[in-house]
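A.B. asks: Take a look at the following structure, please.
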Amino acid sequence: MRVLGIETSCDETGIALYDTERGLLADALYSQIAVHSEYGGVVPELASRDHVRKTLPLIQQVLDDAGITRSELDAVAYTAGPGLIGALMVGAGVGRAMAYALGIPAIGVHHMEGHLLAPMLEDNPPDFPFVALLVSGGHTQLVQVEGIGRYELLGESLDDAAGEAFDKAAKMMDLDYPGGPHIARLAERGTLGRFTFPRPMTDRPGLDFSFSGLKTYTLNTVAEHALDNGLPDDQTCADIALAFQEAVVGTLVIKCRRALKQTGYKRLVIAGGVSANKSLREQLEAQLAKIGASVFYARKEFCTDNGAMIAYAGAQRLLAGQTADLAIQVTPRWPM
Ligand code: KG4
Ligand code: ZN
């Protein structure tokens, strides 16, 4: 079966075509980063307008790339939430209407389920069960995954998401949005040990996270070392970026180890934008190898928002017989 996937929950228009026998046939992504960067964050109205402009041309591009016509599609999956309501409505409206016109099922997919299943698109996908660490701009969650649709929340952030913390720390040092990749690049030049930032909530039992204290600590350190232009010198910024990243990664590693111990599972999946972070991947691999556990993640372009994960999750939902009715519905806040 061939499923078209449409992702428009935030600032990327992602379209892909997944075949349940042949795998991923084509995918395309348009990033709005340039549109939003001068505002230091995503402007919802501008995001919706850009999705309107890009969604249909990208669908056509993906169909052309795969050599498939619309009539050969078996279902259309779209992100139904969580996300920005106007942005979600674009993908849902296009996806639902297209399915209606073609007389095929439409499937509303949970964005975080898409992220969670993205590593399944790789050559060596994890077997069930596993623990998933979902780390994106809006979510930080540890989830016990027994199979498709069988998810139990083990812990989550009580305040900022990990990606959001990266974005805010970047803003403090005048780096562009989204800040995660900029912090990671700056940290490569940092001096390990010049600053040590707190690892929040690791001294207490449990699997919840909190990143707002770390954000304040970062802000204070930046202010303490600021020069006349309001920013620390270049090397100090790099040292702060490294200390910040080490604290986030260190916290995530401790909680992942704890979640694996609690469940007795030996597989960890990391997904969402922050799972693209090289230091997180390396430190998790090194630490989990010590307890005989392995780490799985998607290729870099499928860690951040994309259409392939929605097409894949939609295909799994279709196989399970779950489709959306004709009334187009999106859910901006939606627990998984
Ligand atoms: O999953 P995603 O593309 O969108 C949401 O669903 O939120 O995640 C975006 C987040 C942003 O906060 C971005 O700064 C962060 O992922 N991110 C990273 C890296 N690449 C993206 N954070 C740390 N290191 C990276 N290499
Ligand atoms: Zn996302």
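By convention in this document, the chains of the structure tokens carry letters A, B, ... by their order, each chain's residues are numbered from 1, and ligands are numbered from 1 in the order they are shown.
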What residues of the protein or nucleic acid chains come within 9 Å of ligand 2 when you use only C-alpha atoms and all ligand atoms? Reply as an MDAnalysis selection string.

C.D. replies: chainID A and resid 9:10 83 111:112 114:115 135:139 271:273 303:306

A.B. asks: Would you list the contacts of Ile148 of chain A as a list of chain:residue names, taking every protein, DNA or RNA residue within 10 Å and counting only C-alpha atoms, but skipping same-chain residues closer than 6 positions in sequence?

C.D. replies: A:Glu113, A:Leu116, A:Leu117, A:Phe128, A:Pro129, A:Ala313, A:Gln316, A:Arg317, A:Ala320

A.B. asks: Take the residues from that selection and write them out as a CSV table (one decimal), in the first residue's frame, keeping N, CA, C and O atoms.

C.D. replies:
```csv
chain,number,residue,atom,x,y,z
A,113,GLU,N,4.2,10.6,17.6
A,113,GLU,CA,4.3,9.2,17.2
A,113,GLU,C,5.1,9.1,15.9
A,113,GLU,O,5.9,8.2,15.7
A,116,LEU,N,8.7,9.3,17.0
A,116,LEU,CA,9.0,8.1,17.7
A,116,LEU,C,9.3,6.9,16.7
A,116,LEU,O,10.2,6.1,16.9
A,117,LEU,N,8.6,6.9,15.6
A,117,LEU,CA,8.7,5.8,14.7
A,117,LEU,C,9.7,6.1,13.5
A,117,LEU,O,10.0,5.2,12.8
A,128,PHE,N,10.6,-4.2,18.8
A,128,PHE,CA,9.9,-3.9,20.1
A,128,PHE,C,10.2,-4.9,21.1
A,128,PHE,O,10.6,-6.0,20.8
A,129,PRO,N,10.1,-4.6,22.4
A,129,PRO,CA,9.8,-3.3,23.0
A,129,PRO,C,11.1,-2.5,23.1
A,129,PRO,O,12.2,-3.0,23.1
A,313,ALA,N,4.1,6.4,9.9
A,313,ALA,CA,3.2,6.2,11.0
A,313,ALA,C,1.8,6.1,10.5
A,313,ALA,O,1.0,5.2,11.0
A,316,GLN,N,1.3,2.5,9.3
A,316,GLN,CA,1.1,1.6,10.4
A,316,GLN,C,-0.4,1.7,10.9
A,316,GLN,O,-1.0,0.7,11.2
A,317,ARG,N,-0.9,2.9,11.0
A,317,ARG,CA,-2.3,3.1,11.4
A,317,ARG,C,-3.3,2.6,10.4
A,317,ARG,O,-4.3,2.0,10.8
A,320,ALA,N,-3.5,-1.0,10.8
A,320,ALA,CA,-4.3,-1.4,12.0
A,320,ALA,C,-5.8,-1.0,11.8
A,320,ALA,O,-6.6,-1.1,12.7
```

A.B. asks: Show me, as a JSON list (two decimals) with C-alpha atoms, in the first residue's frame, the residues that have an atom within 9 Å of Ile104 of chain A when counting only C-alpha atoms, minus same-chain residues fewer than 3 positions from it.

C.D. replies:
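File produced: out-v6.json:
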```json
[["chain", "number", "residue", "atom", "x", "y", "z"],
["A", 73, "LEU", "CA", -2.25, 6.25, -3.80],
["A", 74, "ASP", "CA", -3.96, 4.06, -1.17],
["A", 75, "ALA", "CA", -4.22, 6.61, 1.66],
["A", 76, "VAL", "CA", -3.21, 10.11, 2.72],
["A", 98, "MET", "CA", -7.28, 14.99, -1.41],
["A", 99, "ALA", "CA", -8.30, 11.66, 0.16],
["A", 100, "TYR", "CA", -11.98, 12.60, -0.31],
["A", 101, "ALA", "CA", -11.48, 13.45, -3.97]]
```

A.B. asks: Choose the residue, out of A:Val295, A:Cys256, A:Leu58, A:Val3, that has the smallest atom-to-atom separation from Phe209 of chain A; count only C-alpha atoms.

C.D. replies: A:Cys256

A.B. asks: Quick one: everything within 12 Å of Gln32 of chain A, counting only C-alpha atoms, minus sequence neighbours fewer than 5 positions away in the same chain. Send it as a PyMOL selection string.

C.D. replies: chain A and resi 8-14+37-38+41-44+46-51+53-54+87+177-178+305

A.B. asks: To one decimal in Å, tell me the separation between atom CA of Leu102 of chain A and atom CA of Pro82 of chain A.

C.D. replies: 26.3 Å

A.B. asks: Taking only C-alpha atoms into account, which of A:Ser157, A:Ser71, A:Thr79, A:Ser275 comes nearest Trp334 of chain A?

C.D. replies: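 Closest candidate: A:Thr79.
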
A.B. asks: Which of segment 107-320 of chain A counts as alpha helix (DSSP H) under DSSP, as a PyMOL selection string please?

C.D. replies: chain A and resi 111-117+162-172+179-187+212-224+234-263+278-289+308-319

A.B. asks: Could you check the closest approach to ligand 1 for each of A:Leu154, A:Ala92, A:Leu260, A:Leu29 and tell me which residue wins, using only C-alpha atoms and all ligand atoms?

C.D. replies: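 Closest residue, counting only C-alpha atoms and all ligand atoms: A:Leu29.
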
A.B. asks: Tell me, as an NGL selection string, which residues lie within 12 Å of Arg2 of chain A, counting only C-alpha atoms; anything in the same chain fewer than 3 positions away does not count.

C.D. replies: :A and (5 or 16-26 or 63 or 66 or 68-77 or 104-105 or 311-312 or 314-316 or 318-319)

A.B. asks: For the residues in that selection, give me N, CA and C atoms as a compact mmCIF listing (two decimals), in the first residue's frame.

C.D. replies:
```txt
# COMPACT_ATOMS: atom_id res chain seq x y z
N GLY A 5 2.41 11.13 2.96
CA GLY A 5 2.50 11.75 4.29
C GLY A 5 2.67 13.26 4.16
N ALA A 16 6.07 13.07 1.88
CA ALA A 16 6.78 11.83 1.51
C ALA A 16 5.79 10.77 1.07
N LEU A 17 6.32 9.76 0.40
CA LEU A 17 5.52 8.65 -0.08
C LEU A 17 6.14 7.36 0.44
N TYR A 18 5.36 6.60 1.22
CA TYR A 18 5.87 5.36 1.80
C TYR A 18 5.05 4.18 1.26
N ASP A 19 5.76 3.15 0.86
CA ASP A 19 5.14 1.94 0.33
C ASP A 19 5.36 0.82 1.35
N THR A 20 4.29 0.16 1.78
CA THR A 20 4.45 -0.85 2.85
C THR A 20 5.29 -2.05 2.39
N GLU A 21 5.44 -2.23 1.07
CA GLU A 21 6.32 -3.33 0.61
C GLU A 21 7.72 -2.82 0.26
N ARG A 22 7.78 -1.67 -0.39
CA ARG A 22 9.07 -1.21 -0.92
C ARG A 22 9.76 -0.17 -0.07
N GLY A 23 9.12 0.31 0.98
CA GLY A 23 9.73 1.32 1.85
C GLY A 23 9.49 2.73 1.32
N LEU A 24 10.40 3.62 1.69
CA LEU A 24 10.24 5.03 1.34
C LEU A 24 10.52 5.23 -0.16
N LEU A 25 9.55 5.79 -0.89
CA LEU A 25 9.72 5.97 -2.34
C LEU A 25 10.28 7.35 -2.68
N ALA A 26 9.86 8.37 -1.93
CA ALA A 26 10.35 9.74 -2.20
C ALA A 26 10.01 10.62 -1.01
N LEU A 63 5.33 12.94 -5.93
CA LEU A 63 4.69 11.96 -6.83
C LEU A 63 5.54 11.80 -8.10
N ALA A 66 8.71 9.81 -7.45
CA ALA A 66 8.46 8.37 -7.26
C ALA A 66 7.88 7.74 -8.53
N ILE A 68 4.79 8.05 -9.54
CA ILE A 68 3.47 7.54 -9.12
C ILE A 68 2.42 8.60 -9.46
N THR A 69 1.25 8.17 -9.90
CA THR A 69 0.17 9.15 -10.12
C THR A 69 -0.74 9.16 -8.89
N ARG A 70 -1.53 10.22 -8.76
CA ARG A 70 -2.44 10.34 -7.61
C ARG A 70 -3.35 9.12 -7.48
N SER A 71 -3.78 8.60 -8.63
CA SER A 71 -4.74 7.48 -8.58
C SER A 71 -4.11 6.20 -8.04
N GLU A 72 -2.78 6.17 -7.94
CA GLU A 72 -2.12 4.96 -7.39
C GLU A 72 -1.91 5.04 -5.88
N LEU A 73 -2.38 6.13 -5.26
CA LEU A 73 -2.25 6.25 -3.80
C LEU A 73 -3.33 5.41 -3.11
N ASP A 74 -2.98 4.84 -1.94
CA ASP A 74 -3.96 4.06 -1.17
C ASP A 74 -4.49 4.81 0.04
N ALA A 75 -3.76 5.83 0.51
CA ALA A 75 -4.22 6.61 1.66
C ALA A 75 -3.39 7.89 1.76
N VAL A 76 -3.94 8.87 2.46
CA VAL A 76 -3.21 10.11 2.72
C VAL A 76 -3.14 10.31 4.24
N ALA A 77 -1.92 10.43 4.77
CA ALA A 77 -1.73 10.68 6.20
C ALA A 77 -1.27 12.12 6.40
N ILE A 104 -10.14 7.60 -1.10
CA ILE A 104 -9.26 6.73 -0.29
C ILE A 104 -9.26 7.22 1.16
N PRO A 105 -8.81 6.39 2.09
CA PRO A 105 -8.83 6.82 3.50
C PRO A 105 -7.84 7.95 3.80
N ALA A 311 4.24 9.66 6.86
CA ALA A 311 3.81 8.63 5.91
C ALA A 311 3.96 7.25 6.55
N TYR A 312 5.09 7.03 7.26
CA TYR A 312 5.33 5.72 7.88
C TYR A 312 4.31 5.44 9.00
N GLY A 314 1.44 6.81 9.40
CA GLY A 314 0.13 6.67 8.76
C GLY A 314 -0.07 5.28 8.20
N ALA A 315 0.98 4.74 7.57
CA ALA A 315 0.89 3.39 7.00
C ALA A 315 0.62 2.36 8.10
N GLN A 316 1.28 2.53 9.25
CA GLN A 316 1.06 1.59 10.37
C GLN A 316 -0.37 1.70 10.88
N LEU A 318 -2.95 2.71 9.15
CA LEU A 318 -3.81 2.17 8.09
C LEU A 318 -3.88 0.65 8.20
N LEU A 319 -2.71 0.01 8.40
CA LEU A 319 -2.66 -1.44 8.53
C LEU A 319 -3.49 -1.90 9.74
```

A.B. asks: Could you work out how far atom CA of Val52 of chain A lies from atom CA of Glu7 of chain A, giving the answer in Å with one decimal?

C.D. replies: 12.1 Å
